[in-house]
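J.: Input file: structure04.txt. Contents: compact mmCIF, C-alpha atoms and all ligand atoms.
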```
# COMPACT_ATOMS: atom_id res chain seq x y z
CA MET A 1 0.95 -5.11 21.19
CA ASN A 2 -1.79 -2.82 19.88
CA VAL A 3 -2.38 0.91 20.22
CA GLU A 4 -5.11 0.36 22.79
CA THR A 5 -2.71 -1.33 25.22
CA ILE A 6 -0.30 1.61 25.02
CA ILE A 7 -3.18 4.03 25.61
CA LYS A 8 -4.20 2.15 28.76
CA GLU A 9 -0.69 1.68 30.12
CA LEU A 10 0.29 5.32 29.63
CA ASN A 11 -3.05 7.05 30.15
CA LEU A 12 -3.16 8.66 26.73
CA LYS A 13 -6.04 10.76 25.45
CA VAL A 14 -7.39 9.69 22.06
CA ARG A 15 -8.27 12.49 19.63
CA SER A 16 -9.00 10.69 16.35
CA ALA A 17 -9.73 7.37 14.64
CA SER A 18 -10.88 5.71 17.87
CA ASP A 19 -12.03 2.74 15.74
CA LYS A 20 -8.42 2.02 14.75
CA LEU A 21 -6.96 1.32 18.19
CA ASN A 22 -6.43 -2.34 17.41
CA ASN A 23 -3.62 -1.31 15.01
CA ASN A 24 -0.59 -3.47 15.71
CA VAL A 25 2.47 -1.61 17.02
CA THR A 26 5.73 -3.21 15.92
CA GLY A 27 8.14 -0.42 16.85
CA GLY A 28 8.42 3.28 17.51
CA TYR A 29 10.09 6.42 16.25
CA THR A 30 10.61 9.78 17.93
CA GLY A 31 11.22 12.92 15.90
CA ASP A 32 9.99 16.35 14.89
CA LEU A 33 11.75 16.74 11.54
CA LEU A 34 9.49 15.28 8.85
CA SER A 35 12.41 14.39 6.55
CA ASP A 36 14.01 12.39 9.36
CA VAL A 37 10.78 10.55 10.13
CA ILE A 38 10.12 9.83 6.44
CA ALA A 39 13.62 8.44 5.93
CA ASN A 40 14.05 6.45 9.13
CA SER A 41 10.75 5.31 10.60
CA HIS A 42 9.02 2.08 9.63
CA GLU A 43 5.59 0.67 8.93
CA GLY A 44 3.85 -0.26 12.18
CA ASP A 45 5.78 2.30 14.24
CA ILE A 46 4.10 4.46 16.82
CA TRP A 47 5.35 7.99 16.08
CA ILE A 48 6.15 10.31 18.96
CA THR A 49 6.32 14.01 18.09
CA ARG A 50 5.40 17.49 19.20
CA GLN A 51 4.39 18.62 15.70
CA VAL A 52 0.66 19.35 15.60
CA HIS A 53 0.24 20.48 11.98
CA GLN A 54 -1.87 18.42 9.55
CA ASN A 55 1.20 17.34 7.59
CA ILE A 56 1.97 14.79 10.31
CA VAL A 57 -1.04 12.82 9.10
CA ALA A 58 0.32 12.64 5.55
CA VAL A 59 3.64 11.38 6.92
CA ALA A 60 2.01 8.77 9.19
CA SER A 61 -0.26 7.68 6.37
CA LEU A 62 2.59 7.36 3.85
CA LYS A 63 4.74 5.43 6.34
CA GLU A 64 1.74 3.38 7.56
CA HIS A 65 2.38 4.19 11.20
CA ALA A 66 0.19 2.56 13.83
CA GLY A 67 -0.55 5.99 15.30
CA ILE A 68 0.84 9.35 16.41
CA ILE A 69 1.40 10.43 20.01
CA LEU A 70 1.81 14.14 20.72
CA THR A 71 4.00 14.95 23.72
CA ASN A 72 3.84 17.63 26.44
CA SER A 73 0.02 17.78 26.20
CA CYS A 74 0.25 19.40 22.74
CA GLU A 75 -3.18 19.55 21.06
CA PRO A 76 -3.51 18.75 17.33
CA THR A 77 -5.09 21.41 15.10
CA GLY A 78 -8.67 20.95 13.88
CA GLU A 79 -7.38 20.27 10.36
CA THR A 80 -5.05 17.59 11.73
CA LEU A 81 -7.95 15.81 13.41
CA GLU A 82 -10.18 16.08 10.36
CA LYS A 83 -7.47 14.59 8.18
CA ALA A 84 -6.55 11.93 10.76
CA ASN A 85 -10.16 10.74 10.87
CA GLN A 86 -10.27 10.61 7.06
CA GLU A 87 -7.00 8.69 6.84
CA LYS A 88 -7.85 6.58 9.89
CA ILE A 89 -4.72 7.47 11.84
CA PRO A 90 -5.14 7.48 15.64
CA VAL A 91 -3.76 10.70 17.15
CA MET A 92 -3.18 10.56 20.89
CA ILE A 93 -1.89 12.95 23.54
CA SER A 94 0.46 12.37 26.44
CA ASP A 95 1.38 14.86 29.15
CA LEU A 96 4.92 13.42 29.27
CA PRO A 97 7.89 14.93 27.42
CA ALA A 98 9.26 12.95 24.46
CA PHE A 99 12.20 11.44 26.39
CA GLU A 100 10.07 9.88 29.12
CA LEU A 101 7.30 8.79 26.79
CA THR A 102 9.77 7.13 24.41
CA GLY A 103 11.43 5.28 27.29
CA LYS A 104 8.13 3.98 28.63
CA ILE A 105 6.92 2.80 25.22
CA TYR A 106 10.28 1.20 24.50
CA ASN A 107 9.99 -0.79 27.73
CA LEU A 108 6.48 -1.91 26.87
CA LEU A 109 7.58 -3.05 23.40
CA VAL A 110 10.66 -5.02 24.48
CA LYS A 111 8.85 -6.81 27.31
CA MET B 1 16.11 18.12 -22.88
CA VAL B 2 13.79 20.07 -20.62
CA VAL B 3 11.06 22.27 -22.00
CA TRP B 4 9.94 24.35 -19.05
CA ASN B 5 6.55 25.31 -20.38
CA LYS B 6 5.76 21.71 -21.21
CA LEU B 7 6.12 19.98 -17.90
CA LYS B 8 4.64 16.67 -18.95
CA ILE B 9 7.72 15.27 -20.55
CA THR B 10 9.39 11.99 -19.92
CA VAL B 11 12.94 11.14 -20.69
CA HIS B 12 12.84 7.96 -22.70
CA THR B 13 15.40 5.29 -22.17
CA ALA B 14 15.52 1.76 -23.54
CA GLU B 15 13.94 0.60 -20.28
CA THR B 16 10.95 2.90 -20.40
CA GLU B 17 9.87 1.66 -23.83
CA ASN B 18 8.20 -1.39 -22.32
CA TYR B 19 6.75 0.03 -19.18
CA LEU B 20 4.31 -1.69 -16.84
CA TYR B 21 2.75 1.50 -15.59
CA LYS B 22 2.91 5.19 -16.38
CA ASN B 23 1.13 8.20 -14.92
CA SER B 24 1.52 11.94 -14.32
CA PHE B 25 0.58 13.81 -11.17
CA ASP B 26 0.23 17.59 -10.95
CA VAL B 27 1.59 19.30 -7.86
CA GLU B 28 0.43 22.74 -6.78
CA GLY B 29 3.12 25.01 -5.34
CA GLY B 30 2.51 26.67 -1.99
CA ASN B 31 -0.41 24.47 -0.94
CA PHE B 32 0.55 22.42 2.11
CA ASN B 33 -2.99 21.17 2.77
CA ASN B 34 -2.58 18.12 0.57
CA ALA B 35 1.20 17.88 0.62
CA GLY B 36 2.18 14.22 0.53
CA ALA B 37 -1.10 12.96 -0.94
CA ILE B 38 0.46 12.13 -4.31
CA SER B 39 3.26 10.15 -2.66
CA THR B 40 0.73 8.11 -0.70
CA GLN B 41 -1.13 7.42 -3.96
CA VAL B 42 2.12 6.46 -5.72
CA LYS B 43 3.03 4.11 -2.88
CA SER B 44 -0.28 2.30 -3.12
CA ILE B 45 0.13 1.99 -6.92
CA LEU B 46 3.57 0.42 -6.43
CA LYS B 47 2.16 -1.95 -3.80
CA ASN B 48 -0.57 -3.04 -6.18
CA ILE B 49 2.00 -3.75 -8.87
CA GLY B 50 3.62 -6.02 -6.27
CA LEU B 51 7.11 -4.52 -6.12
CA PRO B 52 9.51 -5.55 -3.32
CA ASN B 53 9.07 -3.65 -0.03
CA ASN B 54 12.51 -2.11 -0.16
CA VAL B 55 11.85 -0.62 -3.61
CA ILE B 56 8.51 0.76 -2.45
CA ARG B 57 10.14 2.23 0.65
CA LYS B 58 12.83 4.04 -1.38
CA ALA B 59 10.34 5.24 -4.01
CA ALA B 60 8.04 6.62 -1.30
CA ILE B 61 10.88 8.58 0.32
CA ALA B 62 12.07 9.98 -3.04
CA CYS B 63 8.57 10.87 -4.20
CA TYR B 64 7.59 12.50 -0.90
CA GLU B 65 10.66 14.72 -0.66
CA SER B 66 10.27 15.75 -4.32
CA GLU B 67 6.61 16.54 -3.82
CA ILE B 68 7.36 18.62 -0.71
CA ASN B 69 10.08 20.54 -2.55
CA ILE B 70 7.65 21.53 -5.30
CA VAL B 71 5.06 22.58 -2.71
CA SER B 72 7.69 24.46 -0.69
CA TYR B 73 9.61 26.27 -3.41
CA ALA B 74 7.96 26.12 -6.85
CA ARG B 75 4.80 27.53 -8.43
CA GLN B 76 3.72 24.29 -9.99
CA GLY B 77 5.16 21.00 -11.00
CA VAL B 78 4.54 17.52 -12.25
CA ILE B 79 5.66 14.10 -11.08
CA ASN B 80 5.86 11.55 -13.89
CA LEU B 81 6.00 7.96 -12.71
CA ILE B 82 7.15 5.13 -14.96
CA VAL B 83 7.46 1.56 -13.74
CA THR B 84 9.33 -0.92 -15.90
CA PRO B 85 10.17 -4.56 -15.15
CA LYS B 86 13.58 -3.43 -13.89
CA THR B 87 13.09 0.10 -12.59
CA VAL B 88 10.88 2.64 -10.89
CA GLU B 89 11.54 6.01 -12.53
CA PHE B 90 10.45 9.53 -11.67
CA ASP B 91 10.77 12.52 -13.98
CA ILE B 92 9.96 15.52 -11.85
CA ALA B 93 9.80 19.01 -13.29
CA ASP B 94 8.70 22.31 -11.84
CA GLU B 95 8.31 25.94 -12.76
CA GLY B 96 9.84 28.07 -10.06
CA PRO B 97 12.91 29.89 -8.82
CA GLY B 98 15.32 27.06 -9.67
CA ILE B 99 18.40 26.18 -7.62
CA PRO B 100 21.38 28.54 -8.06
CA ASP B 101 23.95 26.25 -6.42
CA ILE B 102 23.05 22.57 -6.68
CA GLU B 103 26.11 21.35 -4.79
CA LEU B 104 25.21 23.57 -1.84
CA ALA B 105 21.54 22.55 -1.98
CA MET B 106 22.61 18.90 -1.80
CA GLU B 107 24.46 19.45 1.49
CA GLN B 108 22.74 17.96 4.52
CA GLY B 109 21.32 20.74 6.65
CA TYR B 110 21.35 23.44 3.97
CA SER B 111 17.91 24.96 3.57
CA THR B 112 16.33 28.20 2.42
CA ALA B 113 12.94 27.23 3.90
CA ASP B 114 11.29 30.14 5.68
CA ARG B 115 10.02 30.20 9.25
CA GLN B 116 6.49 29.15 8.30
CA ILE B 117 7.77 26.07 6.46
CA ARG B 118 10.09 25.15 9.35
CA GLU B 119 7.27 25.47 11.87
CA MET B 120 5.49 22.65 10.07
CA GLY B 121 8.51 20.38 10.49
CA PHE B 122 9.92 20.85 6.98
CA GLY B 123 13.16 22.58 6.05
CA ALA B 124 15.64 20.25 7.74
CA GLY B 125 17.80 20.39 4.63
CA MET B 126 17.71 16.60 4.29
CA GLY B 127 15.30 16.21 1.40
CA LEU B 128 17.60 16.13 -1.63
CA TYR B 129 20.18 14.11 0.28
CA ASN B 130 17.52 11.55 1.23
CA ILE B 131 16.33 11.33 -2.37
CA LYS B 132 19.89 10.70 -3.51
CA CYS B 133 20.40 8.00 -0.88
CA SER B 134 17.18 6.29 -1.93
CA SER B 135 17.94 6.24 -5.65
CA ASP B 136 20.32 4.36 -7.93
CA ILE B 137 20.38 7.21 -10.44
CA PHE B 138 19.85 10.78 -9.31
CA ASN B 139 20.17 13.62 -11.79
CA LEU B 140 19.28 17.14 -10.68
CA THR B 141 19.38 20.04 -13.12
CA SER B 142 18.01 23.52 -12.73
CA GLU B 143 17.80 26.89 -14.38
CA VAL B 144 17.45 29.94 -12.15
CA ASP B 145 14.06 31.70 -12.50
CA LYS B 146 12.79 28.88 -14.71
CA GLY B 147 12.61 25.68 -12.78
CA THR B 148 14.09 22.42 -11.65
CA PHE B 149 14.21 18.98 -13.18
CA LEU B 150 14.94 15.78 -11.33
CA LYS B 151 15.40 12.31 -12.77
CA ILE B 152 15.32 9.48 -10.28
CA ILE B 153 15.76 5.79 -11.02
CA ILE B 154 15.37 3.06 -8.45
CA ASN B 155 16.43 -0.40 -9.62
CA ILE B 156 14.24 -3.39 -8.92
CA PRO B 157 16.55 -6.21 -7.81
N1 LIG A 201 12.24 22.31 -6.61
C1 LIG A 201 13.02 23.24 -6.06
N2 LIG A 201 12.99 24.53 -6.51
C2 LIG A 201 13.76 25.48 -5.96
N3 LIG A 201 14.61 25.27 -4.94
C3 LIG A 201 14.69 24.02 -4.44
C4 LIG A 201 13.90 22.95 -4.97
N4 LIG A 201 14.21 21.83 -4.29
C5 LIG A 201 15.14 22.17 -3.38
N5 LIG A 201 15.45 23.49 -3.47
C6 LIG A 201 16.46 24.22 -2.68
O1 LIG A 201 17.38 23.28 -2.11
C7 LIG A 201 17.38 23.39 -0.69
C8 LIG A 201 17.59 22.02 -0.06
O2 LIG A 201 16.48 21.18 -0.36
P1 LIG A 201 16.19 19.92 0.55
O3 LIG A 201 17.42 19.10 0.63
O4 LIG A 201 14.96 19.25 0.06
O5 LIG A 201 15.95 20.52 2.01
P2 LIG A 201 14.76 21.44 2.56
O6 LIG A 201 13.62 21.35 1.61
O7 LIG A 201 14.46 20.85 3.88
O8 LIG A 201 15.32 22.82 2.64
C9 LIG A 201 16.04 24.05 -0.35
O9 LIG A 201 16.07 24.71 0.90
C10 LIG A 201 15.86 25.00 -1.53
O10 LIG A 201 16.65 26.16 -1.35
MG MG A 202 12.97 19.53 0.86
```
Could you write out this structure as structure tokens?
T.:
Amino acid sequence: MNVETIIKELNLKVRSASDKLNNNVTGGYTGDLLSDVIANSHEGDIWITRQVHQNIVAVASLKEHAGIILTNSCEPTGETLEKANQEKIPVMISDLPAFELTGKIYNLLVK
Amino acid sequence: MVVWNKLKITVHTAETENYLYKNSFDVEGGNFNNAGAISTQVKSILKNIGLPNNVIRKAAIACYESEINIVSYARQGVINLIVTPKTVEFDIADEGPGIPDIELAMEQGYSTADRQIREMGFGAGMGLYNIKCSSDIFNLTSEVDKGTFLKIIINIP
């Protein structure tokens, strides 16, 4: 499944790297502590978080995540978007809280 | 062993005599704008060398947490990377406040990170613990008001 499919299924808003939506999603990780995400997430994961600071891009880029989804309609900062476009990391927004969003994406991925 | 005003030192072992790759990266304390950039660069270097995924994964975790600690707590630091046929090694030194109680600092959840650092998602108190878990040799030494030195070795199976 690619990022684009998740965007369509869950009505996400895309805020950066709209040319990278064909990134393949092989799993997901939910977390707001960067050390936890660095240690436990995997390449190809879609990362679900409410952190909006630009450091999320460095984490997603290092871990080679397929993209980042911000929960609860949180908007990324301008610096985050600038960096995300540079690093070609799609940042998306959902109006759902992390629990519901994670459940929905999990169901899409195990189908 | 550690000369604090000469950060670009490497601890030589028999292994590091015939290295495949060696480089030094300067890290600026207090600047979160590029925090993590060196680790991403190191990861791509290790990929190009063609190391196994699991080694790259561990090295990326160790390098990232070390880089963030310099940015978070020190004035300046350096990450020395040495790759040998059998190991990935990091010699990481910084000039800064040092760590008064290393045992305490190693505890999961212990952190002196301030509110600003925590608001960015850092300061979970898992960094040093994660570095230790990712490495085969982990040697942390520090001198208060001078700095901190960390030797990390990850074996290549
Ligand atoms: N390079 C360093 N210089 C000074 N203090 C440090 C350094 N690295 C770690 N520390 C201290 O050790 C604590 C634990 O570090 P760590 O496990 O990385 O967790 P965190 O950075 O999330 O607090 C830090 O809060 C800090 O007090
Ligand atoms: Mg840390």
J.: Can you measure CA of Glu65 (chain B) to CA of Gly109 (chain B) for me? One decimal in Å is fine.
T.: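 Distance reported for this atom pair: 14.3 Å.
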J.: Step by step, measure atom-to-atom distances between ligand MG 202 (chain A) and each residue using only C-alpha atoms and all ligand atoms, keep those at most 9 Å, then write them as a list in words.
T.: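 Using only C-alpha atoms and all ligand atoms, everything at most 9 Å from ligand MG 202 (chain A) comes to Ser35 of chain A; Glu65, Ser66, Glu67, Ile68, Asn69, Ile70, Ser72, Tyr73, Ser111, Ala113, Phe122, Gly123, Ala124, Gly125, Met126, Gly127 and Leu128 of chain B.
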J.: In Å, with one decimal, what is the gap from CA of Met92 (chain A) to CA of Asp45 (chain A)?
T.: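 Going from CA of Met92 (chain A) over to CA of Asp45 (chain A) covers 13.9 Å.
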J.: Between CA of Asp114 (chain B) and atom O5 of ligand LIG 201 (chain A), measure the distance and give it in Å to one decimal.
T.: 11.3 Å
J.: With all atoms listed in the file considered, list every residue of chain B at most 9 Å from chain A, as a ChimeraX atom specification.
T.: /B:32-37,39-41,43,57-58,60-61,64-65,118-127,130,134
J.: What lies within 12 Å of Leu150 (chain B) using all atoms listed in the file, ignoring chain neighbours under 4 positions off, as an NGL selection string?
T.: :B and (1-2 or 7 or 9-11 or 62-63 or 65-67 or 69-70 or 77-81 or 89-94 or 98-99 or 102 or 128 or 131-132 or 135 or 137-143)
J.: May I have the residues within 12 Å of Glu100 (chain A) as a ChimeraX atom specification, using all atoms listed in the file and disregarding those fewer than 6 positions away in the same chain?
T.: /A:10,30,48,71-72,94,106-107
J.: Output C-alpha atoms of each residue in that selection to a file, as an mmCIF file, keeping the file's coordinate frame.
T.:
```
data_model
loop_
_atom_site.group_PDB
_atom_site.id
_atom_site.type_symbol
_atom_site.label_atom_id
_atom_site.label_comp_id
_atom_site.auth_asym_id
_atom_site.auth_seq_id
_atom_site.Cartn_x
_atom_site.Cartn_y
_atom_site.Cartn_z
ATOM 1 C CA LEU A 10 0.290 5.320 29.630
ATOM 2 C CA THR A 30 10.610 9.780 17.930
ATOM 3 C CA ILE A 48 6.150 10.310 18.960
ATOM 4 C CA THR A 71 4.000 14.950 23.720
ATOM 5 C CA ASN A 72 3.840 17.630 26.440
ATOM 6 C CA SER A 94 0.460 12.370 26.440
ATOM 7 C CA TYR A 106 10.280 1.200 24.500
ATOM 8 C CA ASN A 107 9.990 -0.790 27.730
#
```
J.: May I ask which of the residues B:Gln108, B:Gln116, B:Asn155, B:Asn48 is the closest one to ligand LIG 201 (chain A), counting all atoms listed in the file?
T.: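 Ranking B:Gln108, B:Gln116, B:Asn155, B:Asn48 by distance to ligand LIG 201 (chain A), first place goes to B:Gln108.
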J.: Using only C-alpha atoms, can you tell me which of B:Ala74, B:Ile56, B:Leu51, B:Ile82 comes closest to Tyr19 (chain B)?
T.: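 Of B:Ala74, B:Ile56, B:Leu51, B:Ile82, the one nearest Tyr19 (chain B), counting only C-alpha atoms, is B:Ile82.
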J.: Can you tell me which residues surround Leu46 (chain B) at a distance of at most 9 Å, considering only C-alpha atoms, apart from same-chain residues fewer than 6 positions away, and format the answer as a list in words?
T.: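 Listed by chain and then number, they are Pro52, Val55, Ile56, Ala59, Val83 and Val88 of chain B.
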J.: From (0.6, 19.8, -6.4), in the file's coordinates, out to 7 Å: which residues are reached, counting all atoms listed in the file? Answer as a PDB file with C-alpha atoms, in the frame of the given file.
T.:
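That gives us out19.pdb:
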```pdb
ATOM      1  CA  ASP B  26       0.230  17.590 -10.950  1.00  0.00           C
ATOM      2  CA  VAL B  27       1.590  19.300  -7.860  1.00  0.00           C
ATOM      3  CA  GLU B  28       0.430  22.740  -6.780  1.00  0.00           C
ATOM      4  CA  GLY B  29       3.120  25.010  -5.340  1.00  0.00           C
ATOM      5  CA  VAL B  71       5.060  22.580  -2.710  1.00  0.00           C
ATOM      6  CA  GLN B  76       3.720  24.290  -9.990  1.00  0.00           C
ATOM      7  CA  GLY B  77       5.160  21.000 -11.000  1.00  0.00           C
TER       8      GLY B  77
END
```
J.: Excluding region 12-29 of chain A and residues on its chain fewer than 6 positions from it, collect all residues at most 9 Å away from it, counting only C-alpha atoms, and give them as a count of residues only.
T.: 41
